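Q: Here you go, one structure.
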Protein chains: 2
Amino acid sequence: MSGHGSAVDMLRSQGYRMTPQRLSVLDIVASQQGHIGVDEVWGLARQQHPYVDLATVYRTLQLLKRAGVVTEVLIGNRLHFEMIDKHNPHQHMVCSSCDSVFTLSPDYLAGFSRRLVEEFGFVPDLENLTIGGTCLACLQSEQA
Amino acid sequence: MSGHGSAVDMLRSQGYRMTPQRLSVLDIVASQQGHIGVDEVWGLARQQHPYVDLATVYRTLQLLKRAGVVTEVLIGNRLHFEMIDKHNPHQHMVCSSCDSVFTLSPDYLAGFSRRLVEEFGFVPDLENLTIGGTCLACLQSEQA
DNA sequence: ATTATTAGCGCAAACGATTGCAATAACTAG
DNA sequence: CTAGTTATTGCAATCGTTTGCGCTAATAAT
């Protein structure tokens, strides 16, 4: 266990059944210190159980996202997931050229977010926001 | 033609062959006054040609995106495309609950973008940035 | 015009991800 | 502890999108 017991309790109190498959997926994502791809989650989950279906992994990850336990990051054409740490919130920047991921302090978008709420009543999902673009290294190797 | 002749010239000068299929797709997106889904582009393209393959529509739309002629907006689980109008640049906000799309003045993110470039050398692709979240109407009907 | 080059096409298969469904297992109440 | 209920699972089919591959047709040179 990696200190995510509170998430288990929270999910259970919301009526979710904590099956071995779900506990396994949660444990795998929580034991990672960063984002992890679905394939990798599946691979690790299969080591713990005779069989876990890929669909169950996907369903569980979406469930955890909906419950606010993990964030989703699209890297290339693959979904990755990461535990939400209230003590270290951040956004992600992904380079569309090399798929590098950079984290960004929420300070950068706090004002922007507030304006959207105040002026439009639109509450942005910053937790799952990914900013696409091109990183420094790729920009430099590009201008050849 | 809808005043996108310059795009055709630009693409041709970049070595792209302007086939009837491509001209058709470009014409369809350009004649729209907003974003249009891939299915709809395909449907309209098939009216103009005996047969246009869906893969060709996808390939052409990605080509136009790469060339900076159109922007991509993910609405629900479907890609939509929209002509880039230099005189009316904007970002998109999409409500993940009802799939409504709102446009946003680039003023809101200009400072943020500048900071990313200055501090990280990361150039965000604001043209294709979509801000997910929940709109006012959905927030209100949610708190029932 | 004719030809040579090669980018783009239709087609079909594959991709990552989601969903419908019958069987199963986690919870609840007694 | 047992029985009942229903959420979750494995499975398979399907979703929207992308890709590999020969054939075709758009361009450039003659």
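We name chains A, B, ... following the order of the structure tokens; residues begin at 1 in each chain, and ligands are numbered from 1 as shown.
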For Trp42 in chain A, list every protein, DNA or RNA residue within 12 Å, evaluated using only C-alpha atoms (C1' of nucleotides), and leave out those in the same chain fewer than 6 positions away; present the list as a ChimeraX atom specification.
A: /A:21-22,24-26,28-29,36,48-49,51-61,80
Q: Find the spatial neighbours of range 13-23 of chain D, counting only C-alpha atoms (C1' of nucleotides), within a cut-off of 12 Å - ignore same-chain residues fewer than 5 positions away - and output them as number ranges by chain.
A: A: 77; B: 37-39, 54-59, 61-62, 74, 76-80; C: 8-21
Q: Please write out chain B, superposed on chain A by least squares over all C-alpha atoms matched in order, as a CSV table (one decimal) with N, CA and C atoms, in the first residue's frame.
A:
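Wrote it out as out.csv, contents follow:
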chain,number,residue,atom,x,y,z
B,1,MET,N,0.8,-1.2,0.1
B,1,MET,CA,0.0,0.1,0.0
B,1,MET,C,0.9,1.3,0.0
B,2,SER,N,0.4,2.3,-0.6
B,2,SER,CA,1.2,3.5,-0.8
B,2,SER,C,0.6,4.8,-0.3
B,3,GLY,N,-0.2,4.6,0.8
B,3,GLY,CA,-0.8,5.8,1.4
B,3,GLY,C,-2.0,6.3,0.6
B,4,HIS,N,-2.7,5.4,-0.1
B,4,HIS,CA,-3.9,5.8,-0.8
B,4,HIS,C,-5.1,5.2,-0.2
B,5,GLY,N,-4.9,4.8,1.0
B,5,GLY,CA,-6.1,4.1,1.7
B,5,GLY,C,-7.3,5.0,1.8
B,6,SER,N,-7.0,6.3,1.9
B,6,SER,CA,-8.1,7.3,2.0
B,6,SER,C,-9.0,7.2,0.7
B,7,ALA,N,-8.3,7.1,-0.4
B,7,ALA,CA,-9.0,7.0,-1.7
B,7,ALA,C,-9.9,5.8,-1.7
B,8,VAL,N,-9.4,4.6,-1.2
B,8,VAL,CA,-10.2,3.4,-1.1
B,8,VAL,C,-11.5,3.7,-0.3
B,9,ASP,N,-11.3,4.2,0.9
B,9,ASP,CA,-12.4,4.5,1.8
B,9,ASP,C,-13.4,5.5,1.1
B,10,MET,N,-12.9,6.5,0.5
B,10,MET,CA,-13.7,7.5,-0.2
B,10,MET,C,-14.6,6.8,-1.3
B,11,LEU,N,-13.9,6.0,-2.1
B,11,LEU,CA,-14.6,5.3,-3.2
B,11,LEU,C,-15.7,4.3,-2.6
B,12,ARG,N,-15.3,3.6,-1.6
B,12,ARG,CA,-16.3,2.7,-1.0
B,12,ARG,C,-17.5,3.4,-0.4
B,13,SER,N,-17.2,4.5,0.2
B,13,SER,CA,-18.3,5.3,0.8
B,13,SER,C,-19.2,5.9,-0.3
B,14,GLN,N,-18.7,6.0,-1.5
B,14,GLN,CA,-19.5,6.5,-2.6
B,14,GLN,C,-20.3,5.3,-3.3
B,15,GLY,N,-20.2,4.1,-2.7
B,15,GLY,CA,-21.0,3.0,-3.2
B,15,GLY,C,-20.2,2.1,-4.2
B,16,TYR,N,-19.0,2.5,-4.4
B,16,TYR,CA,-18.2,1.6,-5.4
B,16,TYR,C,-17.7,0.4,-4.6
B,17,ARG,N,-17.7,-0.7,-5.4
B,17,ARG,CA,-17.2,-2.0,-4.8
B,17,ARG,C,-15.7,-2.1,-5.1
B,18,MET,N,-15.0,-2.3,-4.0
B,18,MET,CA,-13.5,-2.3,-4.2
B,18,MET,C,-13.1,-3.8,-4.5
B,19,THR,N,-13.1,-4.1,-5.7
B,19,THR,CA,-12.7,-5.4,-6.2
B,19,THR,C,-11.2,-5.5,-6.2
B,20,PRO,N,-10.7,-6.7,-6.2
B,20,PRO,CA,-9.3,-6.9,-6.3
B,20,PRO,C,-8.7,-6.2,-7.5
B,21,GLN,N,-9.4,-6.3,-8.7
B,21,GLN,CA,-8.9,-5.6,-9.9
B,21,GLN,C,-8.8,-4.1,-9.7
B,22,ARG,N,-9.8,-3.5,-9.1
B,22,ARG,CA,-9.7,-2.1,-8.8
B,22,ARG,C,-8.6,-1.7,-7.9
B,23,LEU,N,-8.5,-2.5,-6.8
B,23,LEU,CA,-7.4,-2.2,-5.8
B,23,LEU,C,-6.1,-2.3,-6.5
B,24,SER,N,-6.0,-3.3,-7.3
B,24,SER,CA,-4.7,-3.5,-8.0
B,24,SER,C,-4.3,-2.3,-8.9
B,25,VAL,N,-5.3,-1.9,-9.7
B,25,VAL,CA,-5.0,-0.8,-10.6
B,25,VAL,C,-4.7,0.5,-9.8
B,26,LEU,N,-5.5,0.7,-8.8
B,26,LEU,CA,-5.2,1.9,-7.9
B,26,LEU,C,-3.8,1.8,-7.3
B,27,ASP,N,-3.5,0.7,-6.8
B,27,ASP,CA,-2.2,0.4,-6.2
B,27,ASP,C,-1.0,0.7,-7.2
B,28,ILE,N,-1.2,0.2,-8.4
B,28,ILE,CA,-0.2,0.4,-9.5
B,28,ILE,C,0.0,1.9,-9.8
B,29,VAL,N,-1.1,2.6,-10.0
B,29,VAL,CA,-0.9,4.0,-10.4
B,29,VAL,C,-0.3,4.8,-9.2
B,30,ALA,N,-0.8,4.4,-8.0
B,30,ALA,CA,-0.3,5.1,-6.8
B,30,ALA,C,1.2,4.9,-6.5
B,31,SER,N,1.7,3.7,-6.9
B,31,SER,CA,3.1,3.4,-6.6
B,31,SER,C,4.0,4.0,-7.6
B,32,GLN,N,3.5,4.6,-8.6
B,32,GLN,CA,4.3,5.2,-9.6
B,32,GLN,C,4.6,6.7,-9.2
B,33,GLN,N,5.8,7.2,-9.5
B,33,GLN,CA,6.0,8.6,-9.2
B,33,GLN,C,5.9,9.4,-10.4
B,34,GLY,N,4.8,9.4,-11.1
B,34,GLY,CA,4.6,10.1,-12.3
B,34,GLY,C,3.4,9.5,-13.1
B,35,HIS,N,3.3,9.8,-14.3
B,35,HIS,CA,2.2,9.2,-15.1
B,35,HIS,C,2.6,7.8,-15.6
B,36,ILE,N,1.6,7.0,-15.9
B,36,ILE,CA,1.9,5.7,-16.3
B,36,ILE,C,0.8,5.3,-17.4
B,37,GLY,N,1.3,4.7,-18.5
B,37,GLY,CA,0.4,4.3,-19.6
B,37,GLY,C,-0.5,3.2,-19.3
B,38,VAL,N,-1.6,3.1,-20.0
B,38,VAL,CA,-2.6,2.0,-19.8
B,38,VAL,C,-1.9,0.6,-20.0
B,39,ASP,N,-1.2,0.5,-21.0
B,39,ASP,CA,-0.5,-0.8,-21.3
B,39,ASP,C,0.3,-1.3,-20.1
B,40,GLU,N,1.0,-0.3,-19.5
B,40,GLU,CA,1.9,-0.7,-18.4
B,40,GLU,C,1.1,-1.0,-17.2
B,41,VAL,N,0.0,-0.3,-17.0
B,41,VAL,CA,-0.9,-0.7,-15.9
B,41,VAL,C,-1.4,-2.1,-16.0
B,42,TRP,N,-1.8,-2.4,-17.3
B,42,TRP,CA,-2.3,-3.7,-17.6
B,42,TRP,C,-1.3,-4.8,-17.3
B,43,GLY,N,-0.1,-4.5,-17.8
B,43,GLY,CA,1.0,-5.5,-17.6
B,43,GLY,C,1.3,-5.8,-16.2
B,44,LEU,N,1.3,-4.8,-15.4
B,44,LEU,CA,1.6,-4.9,-13.9
B,44,LEU,C,0.4,-5.6,-13.2
B,45,ALA,N,-0.8,-5.3,-13.7
B,45,ALA,CA,-2.0,-5.9,-13.0
B,45,ALA,C,-2.0,-7.4,-13.3
B,46,ARG,N,-1.6,-7.7,-14.5
B,46,ARG,CA,-1.6,-9.2,-14.9
B,46,ARG,C,-0.6,-10.0,-14.1
B,47,GLN,N,0.4,-9.3,-13.5
B,47,GLN,CA,1.3,-10.0,-12.7
B,47,GLN,C,0.7,-10.4,-11.4
B,48,GLN,N,-0.3,-9.6,-11.0
B,48,GLN,CA,-0.9,-9.8,-9.6
B,48,GLN,C,-2.1,-10.7,-9.7
B,49,HIS,N,-2.7,-10.8,-10.9
B,49,HIS,CA,-3.9,-11.6,-11.0
B,49,HIS,C,-3.8,-12.6,-12.2
B,50,PRO,N,-4.4,-13.7,-12.1
B,50,PRO,CA,-4.3,-14.7,-13.2
B,50,PRO,C,-4.8,-14.0,-14.5
B,51,TYR,N,-5.9,-13.3,-14.4
B,51,TYR,CA,-6.3,-12.5,-15.6
B,51,TYR,C,-7.1,-11.3,-15.2
B,52,VAL,N,-6.7,-10.2,-15.8
B,52,VAL,CA,-7.4,-9.0,-15.7
B,52,VAL,C,-7.6,-8.5,-17.1
B,53,ASP,N,-8.9,-8.2,-17.4
B,53,ASP,CA,-9.2,-7.7,-18.8
B,53,ASP,C,-8.7,-6.3,-19.0
B,54,LEU,N,-8.3,-6.0,-20.2
B,54,LEU,CA,-7.9,-4.6,-20.5
B,54,LEU,C,-9.1,-3.7,-20.4
B,55,ALA,N,-10.3,-4.1,-20.7
B,55,ALA,CA,-11.4,-3.3,-20.6
B,55,ALA,C,-11.7,-2.9,-19.1
B,56,THR,N,-11.4,-3.8,-18.2
B,56,THR,CA,-11.5,-3.5,-16.8
B,56,THR,C,-10.5,-2.4,-16.4
B,57,VAL,N,-9.3,-2.5,-16.9
B,57,VAL,CA,-8.3,-1.5,-16.6
B,57,VAL,C,-8.8,-0.2,-17.1
B,58,TYR,N,-9.2,-0.1,-18.3
B,58,TYR,CA,-9.8,1.2,-18.8
B,58,TYR,C,-10.9,1.7,-18.0
B,59,ARG,N,-11.9,0.8,-17.7
B,59,ARG,CA,-13.0,1.2,-16.9
B,59,ARG,C,-12.6,1.7,-15.5
B,60,THR,N,-11.7,1.1,-14.9
B,60,THR,CA,-11.2,1.5,-13.6
B,60,THR,C,-10.5,2.8,-13.6
B,61,LEU,N,-9.7,3.0,-14.6
B,61,LEU,CA,-9.0,4.3,-14.7
B,61,LEU,C,-9.9,5.4,-14.9
B,62,GLN,N,-10.9,5.2,-15.8
B,62,GLN,CA,-11.9,6.3,-16.0
B,62,GLN,C,-12.7,6.5,-14.7
B,63,LEU,N,-13.0,5.5,-14.0
B,63,LEU,CA,-13.7,5.6,-12.7
B,63,LEU,C,-12.9,6.4,-11.7
B,64,LEU,N,-11.6,6.2,-11.7
B,64,LEU,CA,-10.7,6.9,-10.8
B,64,LEU,C,-10.6,8.4,-11.2
B,65,LYS,N,-10.6,8.6,-12.5
B,65,LYS,CA,-10.6,9.9,-13.0
B,65,LYS,C,-11.9,10.7,-12.6
B,66,ARG,N,-13.0,10.0,-12.8
B,66,ARG,CA,-14.3,10.6,-12.5
B,66,ARG,C,-14.4,11.0,-11.0
B,67,ALA,N,-13.8,10.1,-10.2
B,67,ALA,CA,-13.8,10.3,-8.7
B,67,ALA,C,-12.8,11.3,-8.2
B,68,GLY,N,-12.0,11.8,-9.2
B,68,GLY,CA,-11.0,12.8,-8.8
B,68,GLY,C,-9.8,12.2,-8.1
B,69,VAL,N,-9.5,11.0,-8.3
B,69,VAL,CA,-8.4,10.3,-7.7
B,69,VAL,C,-7.1,10.4,-8.6
B,70,VAL,N,-7.4,10.3,-9.9
B,70,VAL,CA,-6.2,10.4,-10.8
B,70,VAL,C,-6.5,11.4,-11.9
B,71,THR,N,-5.5,11.9,-12.6
B,71,THR,CA,-5.6,12.7,-13.8
B,71,THR,C,-5.2,11.9,-15.0
B,72,GLU,N,-5.8,12.4,-16.1
B,72,GLU,CA,-5.5,11.8,-17.4
B,72,GLU,C,-4.6,12.7,-18.2
B,73,VAL,N,-3.6,12.1,-18.9
B,73,VAL,CA,-2.7,12.9,-19.8
B,73,VAL,C,-2.6,12.2,-21.1
B,74,LEU,N,-2.9,12.8,-22.2
B,74,LEU,CA,-2.8,12.2,-23.5
B,74,LEU,C,-1.4,12.5,-24.0
B,75,ILE,N,-0.6,11.4,-24.1
B,75,ILE,CA,0.7,11.6,-24.6
B,75,ILE,C,0.8,10.8,-26.0
B,76,GLY,N,1.1,11.6,-27.0
B,76,GLY,CA,1.0,11.0,-28.4
B,76,GLY,C,-0.4,10.5,-28.6
B,77,ASN,N,-0.7,9.3,-28.8
B,77,ASN,CA,-2.0,8.8,-29.0
B,77,ASN,C,-2.4,7.8,-27.9
B,78,ARG,N,-1.7,8.0,-26.8
B,78,ARG,CA,-1.9,7.0,-25.7
B,78,ARG,C,-2.3,7.7,-24.4
B,79,LEU,N,-3.3,7.2,-23.7
B,79,LEU,CA,-3.7,7.8,-22.4
B,79,LEU,C,-2.8,7.3,-21.3
B,80,HIS,N,-2.4,8.3,-20.5
B,80,HIS,CA,-1.6,8.0,-19.3
B,80,HIS,C,-2.4,8.5,-18.1
B,81,PHE,N,-2.0,8.0,-16.9
B,81,PHE,CA,-2.7,8.4,-15.7
B,81,PHE,C,-1.7,8.6,-14.6
B,82,GLU,N,-2.2,9.5,-13.7
B,82,GLU,CA,-1.3,9.9,-12.6
B,82,GLU,C,-2.1,10.2,-11.4
B,83,MET,N,-1.6,9.8,-10.2
B,83,MET,CA,-2.3,10.1,-9.0
B,83,MET,C,-2.4,11.6,-8.8
B,84,ILE,N,-3.5,12.1,-8.3
B,84,ILE,CA,-3.6,13.5,-7.9
B,84,ILE,C,-3.1,13.7,-6.5
B,85,ASP,N,-2.1,14.5,-6.4
B,85,ASP,CA,-1.5,14.8,-5.1
B,85,ASP,C,-1.9,16.3,-4.7
B,86,LYS,N,-2.8,16.4,-3.7
B,86,LYS,CA,-3.3,17.7,-3.3
B,86,LYS,C,-2.1,18.6,-2.9
B,87,HIS,N,-1.0,18.0,-2.5
B,87,HIS,CA,0.1,18.9,-2.0
B,87,HIS,C,1.0,19.3,-3.1
B,88,ASN,N,0.8,18.7,-4.3
B,88,ASN,CA,1.6,19.1,-5.4
B,88,ASN,C,0.8,19.1,-6.7
B,89,PRO,N,-0.2,20.0,-6.8
B,89,PRO,CA,-1.0,20.1,-8.0
B,89,PRO,C,-0.2,20.7,-9.2
B,90,HIS,N,-0.5,20.3,-10.4
B,90,HIS,CA,0.2,20.8,-11.5
B,90,HIS,C,-0.5,20.5,-12.8
B,91,GLN,N,-0.2,21.2,-13.9
B,91,GLN,CA,-0.7,20.9,-15.2
B,91,GLN,C,0.4,20.3,-16.0
B,92,HIS,N,0.0,19.8,-17.2
B,92,HIS,CA,1.1,19.1,-18.0
B,92,HIS,C,1.2,19.8,-19.3
B,93,MET,N,2.5,19.9,-19.8
B,93,MET,CA,2.7,20.4,-21.1
B,93,MET,C,3.3,19.2,-21.9
B,94,VAL,N,2.8,18.9,-23.1
B,94,VAL,CA,3.3,17.8,-23.8
B,94,VAL,C,3.8,18.3,-25.2
B,95,CYS,N,5.1,17.9,-25.5
B,95,CYS,CA,5.6,18.3,-26.8
B,95,CYS,C,5.1,17.3,-27.8
B,96,SER,N,4.4,17.9,-28.8
B,96,SER,CA,3.8,17.0,-29.8
B,96,SER,C,4.9,16.4,-30.8
B,97,SER,N,6.1,16.9,-30.7
B,97,SER,CA,7.1,16.4,-31.6
B,97,SER,C,7.9,15.2,-31.0
B,98,CYS,N,8.2,15.3,-29.7
B,98,CYS,CA,9.0,14.2,-29.0
B,98,CYS,C,8.2,13.5,-27.9
B,99,ASP,N,7.0,14.0,-27.6
B,99,ASP,CA,6.2,13.4,-26.5
B,99,ASP,C,6.8,13.6,-25.1
B,100,SER,N,7.7,14.5,-25.0
B,100,SER,CA,8.2,14.8,-23.6
B,100,SER,C,7.1,15.5,-22.8
B,101,VAL,N,7.1,15.3,-21.6
B,101,VAL,CA,6.1,15.8,-20.7
B,101,VAL,C,6.7,16.7,-19.7
B,102,PHE,N,6.2,17.9,-19.5
B,102,PHE,CA,6.7,18.9,-18.5
B,102,PHE,C,5.6,19.2,-17.6
B,103,THR,N,5.9,19.5,-16.3
B,103,THR,CA,4.9,19.9,-15.4
B,103,THR,C,4.9,21.4,-15.2
B,104,LEU,N,3.8,21.9,-14.8
B,104,LEU,CA,3.6,23.4,-14.7
B,104,LEU,C,2.9,23.7,-13.4
B,105,SER,N,3.4,24.7,-12.7
B,105,SER,CA,2.8,25.1,-11.5
B,105,SER,C,1.4,25.7,-11.8
B,106,PRO,N,0.4,25.4,-10.9
B,106,PRO,CA,-1.0,25.9,-11.1
B,106,PRO,C,-1.0,27.4,-11.1
B,107,ASP,N,0.0,28.0,-10.6
B,107,ASP,CA,0.1,29.5,-10.5
B,107,ASP,C,-0.1,30.1,-11.9
B,108,TYR,N,0.4,29.4,-12.9
B,108,TYR,CA,0.4,30.0,-14.2
B,108,TYR,C,-1.0,30.2,-14.8
B,109,LEU,N,-1.9,29.3,-14.3
B,109,LEU,CA,-3.3,29.4,-14.9
B,109,LEU,C,-4.4,29.8,-13.9
B,110,ALA,N,-3.9,30.1,-12.7
B,110,ALA,CA,-4.9,30.4,-11.6
B,110,ALA,C,-5.8,31.6,-12.0
B,111,GLY,N,-5.1,32.7,-12.5
B,111,GLY,CA,-5.9,33.9,-12.9
B,111,GLY,C,-6.8,33.6,-14.0
B,112,PHE,N,-6.3,32.9,-15.0
B,112,PHE,CA,-7.0,32.5,-16.2
B,112,PHE,C,-8.3,31.8,-15.8
B,113,SER,N,-8.1,30.8,-14.9
B,113,SER,CA,-9.2,30.0,-14.5
B,113,SER,C,-10.3,30.8,-13.8
B,114,ARG,N,-9.8,31.7,-12.9
B,114,ARG,CA,-10.7,32.6,-12.2
B,114,ARG,C,-11.6,33.5,-13.2
B,115,ARG,N,-10.9,34.0,-14.2
B,115,ARG,CA,-11.6,34.8,-15.2
B,115,ARG,C,-12.7,34.0,-15.9
B,116,LEU,N,-12.4,32.8,-16.3
B,116,LEU,CA,-13.4,32.0,-17.0
B,116,LEU,C,-14.6,31.8,-16.1
B,117,VAL,N,-14.4,31.5,-14.8
B,117,VAL,CA,-15.5,31.3,-13.9
B,117,VAL,C,-16.3,32.6,-13.8
B,118,GLU,N,-15.6,33.7,-13.5
B,118,GLU,CA,-16.3,34.9,-13.3
B,118,GLU,C,-17.0,35.5,-14.5
B,119,GLU,N,-16.3,35.4,-15.6
B,119,GLU,CA,-16.9,36.0,-16.8
B,119,GLU,C,-17.8,35.2,-17.6
B,120,PHE,N,-17.6,33.8,-17.5
B,120,PHE,CA,-18.5,32.9,-18.4
B,120,PHE,C,-19.2,31.9,-17.5
B,121,GLY,N,-18.9,31.8,-16.3
B,121,GLY,CA,-19.5,30.7,-15.5
B,121,GLY,C,-19.0,29.4,-15.9
B,122,PHE,N,-17.9,29.4,-16.6
B,122,PHE,CA,-17.3,28.1,-17.1
B,122,PHE,C,-16.2,27.7,-16.2
B,123,VAL,N,-16.3,26.5,-15.7
B,123,VAL,CA,-15.3,26.0,-14.7
B,123,VAL,C,-14.4,25.0,-15.5
B,124,PRO,N,-13.2,25.5,-15.7
B,124,PRO,CA,-12.3,24.6,-16.5
B,124,PRO,C,-11.8,23.5,-15.7
B,125,ASP,N,-11.6,22.3,-16.3
B,125,ASP,CA,-11.0,21.2,-15.6
B,125,ASP,C,-9.5,21.2,-15.8
B,126,LEU,N,-8.9,22.1,-15.0
B,126,LEU,CA,-7.4,22.3,-15.1
B,126,LEU,C,-6.6,21.0,-14.7
B,127,GLU,N,-7.2,20.2,-13.9
B,127,GLU,CA,-6.6,19.0,-13.4
B,127,GLU,C,-6.2,18.1,-14.6
B,128,ASN,N,-7.1,18.1,-15.6
B,128,ASN,CA,-6.9,17.2,-16.7
B,128,ASN,C,-6.5,18.0,-18.0
B,129,LEU,N,-6.1,19.3,-17.8
B,129,LEU,CA,-5.7,20.1,-18.9
B,129,LEU,C,-4.3,19.7,-19.4
B,130,THR,N,-4.2,19.5,-20.6
B,130,THR,CA,-2.8,19.2,-21.2
B,130,THR,C,-2.6,20.3,-22.3
B,131,ILE,N,-1.5,21.0,-22.1
B,131,ILE,CA,-1.1,22.0,-23.1
B,131,ILE,C,-0.1,21.4,-24.1
B,132,GLY,N,-0.6,21.4,-25.3
B,132,GLY,CA,0.2,20.8,-26.4
B,132,GLY,C,1.1,21.9,-27.0
B,133,GLY,N,2.2,21.5,-27.6
B,133,GLY,CA,3.1,22.5,-28.1
B,133,GLY,C,4.4,21.9,-28.5
B,134,THR,N,5.5,22.7,-28.6
B,134,THR,CA,6.8,22.2,-29.0
B,134,THR,C,7.8,22.7,-28.0
B,135,CYS,N,8.6,21.7,-27.5
B,135,CYS,CA,9.6,22.0,-26.5
B,135,CYS,C,10.9,22.7,-27.1
B,136,LEU,N,11.6,23.2,-26.2
B,136,LEU,CA,12.9,23.9,-26.6
B,136,LEU,C,13.8,23.1,-27.4
B,137,ALA,N,14.0,21.9,-27.0
B,137,ALA,CA,15.0,21.0,-27.7
B,137,ALA,C,14.5,20.7,-29.1
B,138,CYS,N,13.2,20.5,-29.3
B,138,CYS,CA,12.7,20.2,-30.6
B,138,CYS,C,12.7,21.4,-31.5
B,139,LEU,N,12.5,22.6,-30.9
B,139,LEU,CA,12.5,23.8,-31.7
B,139,LEU,C,13.9,24.1,-32.2
B,140,GLN,N,14.9,23.7,-31.4
B,140,GLN,CA,16.3,23.9,-31.8
B,140,GLN,C,16.7,23.0,-32.9
B,141,SER,N,16.4,21.7,-32.8
B,141,SER,CA,16.8,20.8,-33.8
B,141,SER,C,15.9,20.9,-35.0
B,142,GLU,N,14.9,21.7,-34.9
B,142,GLU,CA,14.0,21.9,-36.1
B,142,GLU,C,14.6,22.9,-37.1
B,143,GLN,N,15.2,23.9,-36.5
B,143,GLN,CA,15.7,25.0,-37.4
B,143,GLN,C,17.1,24.6,-37.9
B,144,ALA,N,17.1,23.4,-38.6
B,144,ALA,CA,18.4,23.0,-39.2
B,144,ALA,C,18.6,23.4,-40.6
Q: For chain D, which residues have at least one atom within 10 Å of chain A, if we go by only C-alpha atoms (C1' of nucleotides)? Write them as an NGL selection string, please.
A: :D and (7-11)
Q: Using only C-alpha atoms (C1' of nucleotides), which of C:DT28, C:DT6, C:DA23, C:DA1 sits nearest chain A?
A: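 Using only C-alpha atoms (C1' of nucleotides), chain A sits closest to C:DT28.
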Q: Which of chain A end up as alpha helix (DSSP H) when DSSP is run on this backbone - answer as a PyMOL selection string?
A: chain A and resi 5-13+20-30+38-48+54-66+107-120+136-142
Q: Show which residues sit within 10 Å of DT6 in chain D, as a CSV table (one decimal) with all heavy atoms, in the first residue's frame. Count only C-alpha atoms (C1' of nucleotides), and ignore same-chain residues fewer than 2 positions away.
A:
chain,number,residue,atom,x,y,z
C,26,DA,P,-15.3,-10.7,-5.0
C,26,DA,OP1,-14.1,-10.3,-5.8
C,26,DA,OP2,-15.4,-11.8,-4.1
C,26,DA,O5',-15.8,-9.3,-4.3
C,26,DA,C5',-15.9,-8.1,-5.1
C,26,DA,C4',-17.0,-7.3,-4.6
C,26,DA,O4',-18.3,-7.9,-4.9
C,26,DA,C3',-17.0,-7.0,-3.1
C,26,DA,O3',-17.3,-5.6,-2.9
C,26,DA,C2',-18.2,-7.9,-2.6
C,26,DA,C1',-19.1,-7.9,-3.8
C,26,DA,N9,-20.0,-9.1,-3.9
C,26,DA,C8,-19.6,-10.4,-3.9
C,26,DA,N7,-20.5,-11.2,-4.1
C,26,DA,C5,-21.7,-10.4,-4.2
C,26,DA,C6,-23.0,-10.7,-4.4
C,26,DA,N6,-23.5,-12.0,-4.5
C,26,DA,N1,-23.9,-9.7,-4.5
C,26,DA,C2,-23.4,-8.5,-4.4
C,26,DA,N3,-22.2,-8.1,-4.2
C,26,DA,C4,-21.3,-9.1,-4.1
C,27,DC,P,-16.8,-4.9,-1.5
C,27,DC,OP1,-16.3,-3.6,-1.8
C,27,DC,OP2,-15.9,-5.9,-0.8
C,27,DC,O5',-18.2,-4.8,-0.7
C,27,DC,C5',-19.0,-3.8,-1.0
C,27,DC,C4',-20.5,-4.2,-0.9
C,27,DC,O4',-20.6,-5.6,-1.1
C,27,DC,C3',-21.1,-4.0,0.5
C,27,DC,O3',-21.8,-2.8,0.4
C,27,DC,C2',-22.1,-5.2,0.6
C,27,DC,C1',-21.9,-6.0,-0.7
C,27,DC,N1,-22.0,-7.5,-0.7
C,27,DC,C2,-23.3,-8.1,-0.9
C,27,DC,O2,-24.2,-7.3,-1.1
C,27,DC,N3,-23.4,-9.4,-0.9
C,27,DC,C4,-22.3,-10.2,-0.7
C,27,DC,N4,-22.4,-11.5,-0.7
C,27,DC,C5,-21.0,-9.6,-0.5
C,27,DC,C6,-20.9,-8.2,-0.5
D,4,DG,P,-32.9,-16.2,-1.4
D,4,DG,OP1,-34.4,-16.4,-1.3
D,4,DG,OP2,-32.1,-17.0,-2.3
D,4,DG,O5',-32.6,-14.7,-1.7
D,4,DG,C5',-33.1,-13.7,-0.8
D,4,DG,C4',-32.7,-12.3,-1.2
D,4,DG,O4',-31.3,-12.2,-1.1
D,4,DG,C3',-33.0,-12.0,-2.7
D,4,DG,O3',-33.4,-10.6,-2.7
D,4,DG,C2',-31.7,-12.2,-3.4
D,4,DG,C1',-30.7,-11.8,-2.3
D,4,DG,N9,-29.4,-12.5,-2.4
D,4,DG,C8,-29.2,-13.8,-2.7
D,4,DG,N7,-27.9,-14.1,-2.6
D,4,DG,C5,-27.2,-13.0,-2.3
D,4,DG,C6,-25.9,-12.7,-2.1
D,4,DG,O6,-24.9,-13.5,-2.1
D,4,DG,N1,-25.6,-11.4,-1.7
D,4,DG,C2,-26.6,-10.4,-1.6
D,4,DG,N2,-26.2,-9.2,-1.2
D,4,DG,N3,-27.9,-10.7,-1.8
D,4,DG,C4,-28.1,-11.9,-2.1
D,8,DT,P,-19.5,-0.8,-9.3
D,8,DT,OP1,-18.5,-0.4,-8.3
D,8,DT,OP2,-20.0,0.1,-10.3
D,8,DT,O5',-18.9,-2.1,-10.0
D,8,DT,C5',-18.3,-3.1,-9.2
D,8,DT,C4',-17.8,-4.2,-10.0
D,8,DT,O4',-18.9,-5.0,-10.6
D,8,DT,C3',-16.9,-3.8,-11.2
D,8,DT,O3',-15.7,-4.5,-11.1
D,8,DT,C2',-17.7,-4.2,-12.4
D,8,DT,C1',-18.5,-5.4,-11.9
D,8,DT,N1,-19.8,-5.7,-12.6
D,8,DT,C2,-20.1,-7.0,-12.9
D,8,DT,O2,-19.3,-7.9,-12.7
D,8,DT,N3,-21.3,-7.2,-13.6
D,8,DT,C4,-22.2,-6.2,-13.9
D,8,DT,O4,-23.3,-6.5,-14.5
D,8,DT,C5,-21.9,-4.9,-13.5
D,8,DT,C7,-22.8,-3.7,-13.8
D,8,DT,C6,-20.7,-4.7,-12.9
